[in-house]
Amino acid sequence: MKILSINGSRRKTGNTEYLIKSILTSAKEGGAQIESIFLGDYNIGACTGCEGCRSSWECVIKDDFAKIVKKIDEAEGIILASPTYWYSVTSDMKRFIDRCYSLIQFPVNRKKWIAKYQGSGKVCVTVAVCEQSEESMMGNTLSLLTDFYKDIGLDVVESVKGLGFFEAGSIKADHNLLQKAEMTGQKLFDRIKG
Ligand SMILES: Cc1cc2nc3c(=O)[nH]c(=O)nc-3n(C[C@H](O)[C@H](O)[C@H](O)COP(=O)(O)O)c2cc1C
């Protein structure tokens with residue numbers, strides 16, 4: 001079993017990464033193969049809207065984007081996570097999401113699309129962390145990640161949000177939240193095991 005986590009934060013010991021680690025606990029203990037990546041380590045340019053992917057499921061821009069798609073292809077479970085930057089996902093995450101335009105096709109008209117991972121059985125968890133404790137300050141971070149994942153055909157098992165964390169790693173002190181994240185990870189693991 002392969003599980004991939006994709007983190008839009010550049011803080012390697014940041015709050016988002018600690019939540020991801022907790023979610024991955026049961027999969028790790030259960031012997032799953034885990035790969036955790038930071039989008040900031042990859043060179044992913046902006047989508048140009050060129051429509052070059054229209055009938056190929058492949059983006060024509062030659063950078064590191066295809067490497068991440070290959071990792072998603074190979075994973076049964078995926079965690080997609082981002083801190084809130086100005087009420088939304090980070091720019092690393094947004095560039096990645098925009099490039100995933102190549103993972104949907106509109107064969108008949110623009111109202112209905114088909115998604116590369118539809119029916120693939122891949123399951124995922126979405127994660128968002130922000131500094132302020134009012135949920136409105138998270139903006140669309142979590143809903144964007146979740147809606148995007150559904151659009152590309154992935155089955156979102158659950159979402160985890162961390163409200164009220166600013167200093168990198170401060171989330172470690174919130175044992176209740178980390179425990180909740182572990183339980184979400186257990187659900188993900190159980191769903192993949194079937
Ligand atoms: C550029 C920038 C914009 C931010 N915008 C918001 C925001 O709109 N709302 C909020 O609650 N926190 C905001 N934050 C705080 C981060 O979401 C918070 O520090 C989070 O814990 C960072 O996660 P990380 O440690 O995984 O990088 C912002 C931080 C930065 C650097």
# chains A, B, ... in the order shown; residues from 1 in each chain; ligands from 1

$ select_by_dssp --residues "range 35-133 of chain A" --states "alpha helix (DSSP H)" --output "ChimeraX atom specification"
/A:65-74,91-99

$ residues_near_ligand --ligand "ligand 1" --cutoff "12 Å" --atoms "only C-alpha atoms and all ligand atoms" --output "ChimeraX atom specification"
/A:6-21,38,40,81-92,127-142,161-172

$ select_by_dssp --residues "range 8-187 of chain A" --states "strand (DSSP E or B)" --output "PyMOL selection string"
chain A and resi 33-38+77-83+85+88+104-105+114-115+123-130+155-163

$ atom_distance --atom1 "CA of Met93 in chain A" --atom2 "CA of Arg191 in chain A"
25.7 Å

$ closest_residue --among "A:Ser5, A:Ser143, A:Ser120, A:Gln105" --to "Glu35 in chain A" --atoms "only C-alpha atoms"
A:Ser5

$ atom_distance --atom1 "CA of Ile152 in chain A" --atom2 "CA of Ile114 in chain A"
8.1 Å

$ atom_distance --atom1 "CA of Met1 in chain A" --atom2 "CA of Ile192 in chain A"
7.9 Å

$ residues_around --residues "Asn43 in chain A" --least-positions-apart "5" --cutoff "9 Å" --atoms "only C-alpha atoms" --output "PyMOL selection string"
chain A and resi 63-65

$ write_last_selection --atoms "N, CA, C and O atoms" --output "compact mmCIF listing (two decimals), in the first residue's frame"
# COMPACT_ATOMS: atom_id res chain seq x y z
N ASP A 63 8.26 20.51 -16.74
CA ASP A 63 8.93 20.81 -15.46
C ASP A 63 8.65 19.63 -14.52
O ASP A 63 8.43 18.52 -15.01
N ASP A 64 8.61 19.87 -13.22
CA ASP A 64 8.48 18.73 -12.29
C ASP A 64 7.03 18.27 -12.07
O ASP A 64 6.80 17.33 -11.31
N PHE A 65 6.07 18.92 -12.71
CA PHE A 65 4.67 18.56 -12.46
C PHE A 65 4.40 17.07 -12.74
O PHE A 65 3.74 16.39 -11.95
